[in-house]
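Trainee: Below you'll find the structure I mean.
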Amino acid sequence: MKWSFIISYLDGIYLEQIINSIKNQNNLTKDKFEIILIGPDNEALHRVKPLINNNIIFNETLIPGWITMKKNLAVQNANFENVCIMHDYVGLCENWYNGYLNFENDWDVCSNPIRTSKGSRYWDWITLKRPIEFISYDDLSQTKTNMYIGGTYWCAKRQFMLENPLDIRRVWGQGEDVEWAMRCKDKWNYTFNPFSVVRLLRDKEITIPDPASDPNPSRVYSTMRIQT
């Protein structure tokens, strides 16, 4: 199982930590992954450039918040079947790669547990019902209806992303991830891999849904460490 890790960055404060969390995964040898950065030509990029395979300089002043174009371009430049698309504050926890080795490979889009820096649940397996709800990680019954995958982090097959790109007429904050999910829900095989956990590297707590409504115990994941 080979992966293209796509990191969309701005200030890039956590880039080195993210890269280390990828490169130090057990069983993930150099021939099985690449790391692609897309963002501005800044000090953070130059600091980590020797550690990555490819970088794409993106002019952030063209259209402010043009996250859809950034991610589409990076996918087009990816070389492997599986793409992991993440923002520049998401790190892989220990055994992320092993979790995928032990998981089925028949999917178009896949979500994983996303935990905040404090260990509570972030927007991972959720529905757009009103109010927005966390769904149990064991519940796969709603993927064709009103579920969506947040833009912070997701995994997909590169071919599916090429055939179903993000809408470049939308920028960050205009519901670009919601629009994409609603457009793809009748096409995708969307599933959940509970064995490959990621965690936010900066404080970004949520109030909707109420973290206390998490049907999966937070304590199971609160001790998961970022791979360093």
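Residues in the structure tokens are numbered from 1 in each chain, the chains being A, B, ... in the order shown, and ligands are numbered from 1 in the order shown.
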At a cut-off of 9 Å, using only C-alpha atoms, what residues contact Arg169 (chain A)? Leave out same-chain residues fewer than 5 positions from it and give the result as a list in words.
Mentor: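 Listed by chain and then number, they are Trp66, Thr68, Met69 and Glu176 of chain A.
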Trainee: Restricted to N, CA and C atoms, what would the selected residues look like written as a compact mmCIF listing (two decimals), in the first residue's frame?
Mentor:
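Written file, part_2.txt:
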# COMPACT_ATOMS: atom_id res chain seq x y z
N TRP A 66 -7.86 30.01 -1.33
CA TRP A 66 -8.20 29.14 -2.47
C TRP A 66 -7.73 27.71 -2.21
N THR A 68 -9.31 24.93 -2.42
CA THR A 68 -9.77 23.92 -3.39
C THR A 68 -8.76 23.74 -4.52
N MET A 69 -8.25 24.84 -5.03
CA MET A 69 -7.25 24.75 -6.10
C MET A 69 -5.97 24.12 -5.57
N GLU A 176 -16.78 24.38 1.03
CA GLU A 176 -16.25 23.61 -0.10
C GLU A 176 -16.23 22.12 0.19
Trainee: Considering only C-alpha atoms, return as a ChimeraX atom specification whatever protein or nucleic-acid residues lie within 12 Å of Phe5 (chain A), sequence-local ones (same chain, fewer than 6 positions apart) excluded.
Mentor: /A:18-19,21-23,32-38,52-55,71,74-75,77-88,90-92,97,153-158
Trainee: How would you write, as a count of residues only, the set of residues in region 19-152 of chain A that DSSP gives as strand (DSSP E or B)?
Mentor: 33
Trainee: With only C-alpha atoms as the atoms that count, which of A:Asn164, A:Thr61, A:Ser111, A:Thr127 lies nearest to Arg183 (chain A)?
Mentor: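 Looking only at the distances to Arg183 (chain A), the closest residue turns out to be A:Asn164.
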Trainee: What is the CA of Trp180 (chain A) to CA of Ile226 (chain A) distance in Å?
Mentor: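 So the answer is 29.0 Å.
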Trainee: Among region 4-169 of chain A, which ones does DSSP assign to helix (DSSP H, G or I) (computed from the backbone)? Answer as a ChimeraX atom specification.
Mentor: /A:15-23,30-32,43-51,67-76,96-101,158-163
Trainee: Nearest to Pro64 (chain A) among A:Thr191, A:Ala212, A:Arg170, A:Gln227, with distances taken over only C-alpha atoms: which residue is it?
Mentor: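 The closest residue to Pro64 (chain A) is A:Arg170.
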Trainee: Point out the residue among A:Val178, A:Leu51, A:Leu62, A:Leu101 with the least atom-to-atom distance to Lys30 (chain A), counting only C-alpha atoms.
Mentor: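 Nearest candidate to Lys30 (chain A) out of A:Val178, A:Leu51, A:Leu62, A:Leu101: A:Leu51.
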Trainee: For Gly65 (chain A), list every protein, DNA or RNA residue within 8 Å, evaluated using only C-alpha atoms, and leave out those in the same chain fewer than 4 positions away; present the list as a list in words.
Mentor: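 These residues fall inside the cut-off: Glu60, Val171 and Trp172 of chain A.
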Trainee: Please save all heavy atoms of the selected residues as a tab-separated table (two decimals), in the first residue's frame.
Mentor:
chain	number	residue	atom	x	y	z
A	60	GLU	N	-0.58	32.56	-2.63
A	60	GLU	CA	-1.76	32.70	-1.78
A	60	GLU	C	-2.51	34.01	-2.02
A	60	GLU	O	-3.63	34.18	-1.55
A	60	GLU	CB	-1.37	32.61	-0.31
A	60	GLU	CG	-0.64	31.33	0.08
A	60	GLU	CD	-1.54	30.11	0.10
A	60	GLU	OE1	-2.78	30.27	0.13
A	60	GLU	OE2	-1.00	28.99	0.09
A	171	VAL	N	-13.87	28.94	-2.00
A	171	VAL	CA	-12.67	29.11	-1.19
A	171	VAL	C	-12.97	28.63	0.22
A	171	VAL	O	-14.10	28.24	0.54
A	171	VAL	CB	-12.20	30.58	-1.18
A	171	VAL	CG1	-11.86	31.05	-2.58
A	171	VAL	CG2	-13.25	31.49	-0.54
A	172	TRP	N	-11.92	28.66	1.07
A	172	TRP	CA	-12.10	28.24	2.45
A	172	TRP	C	-13.20	29.07	3.11
A	172	TRP	O	-13.28	30.28	2.93
A	172	TRP	CB	-10.80	28.42	3.21
A	172	TRP	CG	-10.89	27.97	4.63
A	172	TRP	CD1	-10.69	26.72	5.12
A	172	TRP	CD2	-11.23	28.77	5.77
A	172	TRP	NE1	-10.88	26.67	6.48
A	172	TRP	CE2	-11.21	27.93	6.91
A	172	TRP	CE3	-11.55	30.12	5.93
A	172	TRP	CZ2	-11.50	28.39	8.18
A	172	TRP	CZ3	-11.84	30.59	7.20
A	172	TRP	CH2	-11.81	29.72	8.31
Trainee: Which residue gives the smallest distance to Gln174 (chain A) among A:Ile206, A:Gly151, A:Thr145, A:Val109, with only C-alpha atoms counted?
Mentor: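 Distance minimum relative to Gln174 (chain A) lands on A:Gly151.
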Trainee: Could you list, as a VMD selection string, every residue within 9 Å of region 134-141 of chain A, counting only C-alpha atoms and ignoring same-chain residues fewer than 3 positions away?
Mentor: chain A and resid 112 to 113 121 123 to 127 144 to 145 190 to 194 209 to 211 213 to 216
Trainee: Got a sec: who's within 12 Å of Cys184 (chain A), counting only C-alpha atoms, leaving out chain neighbours fewer than 3 positions off, as a PyMOL selection string?
Mentor: chain A and resi 108-109+143-149+160-161+163-167+177-181+187-190
Trainee: Please determine, counting only C-alpha atoms, which residue among A:Leu128, A:Gly119, A:Arg202, A:Val48 has the shortest atom-to-atom distance to Gln142 (chain A).
Mentor: A:Leu128
Trainee: Have a look at CA of Cys110 (chain A) and CA of Leu15 (chain A) and let me know their distance in Å, one decimal.
Mentor: 23.1 Å
Trainee: When you draw a straight line from CA of Ile6 (chain A) to CA of Asn24 (chain A), how long is it in Å?
Mentor: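 So the two atoms, CA of Ile6 (chain A) and CA of Asn24 (chain A), lie 16.5 Å apart.
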Trainee: I need the residue nearest Asn95 (chain A) from this list: A:Asp31, A:Ile208, A:Val198, A:Ala44. Use only C-alpha atoms for the distance.
Mentor: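 Nearest candidate to Asn95 (chain A) out of A:Asp31, A:Ile208, A:Val198, A:Ala44: A:Val198.
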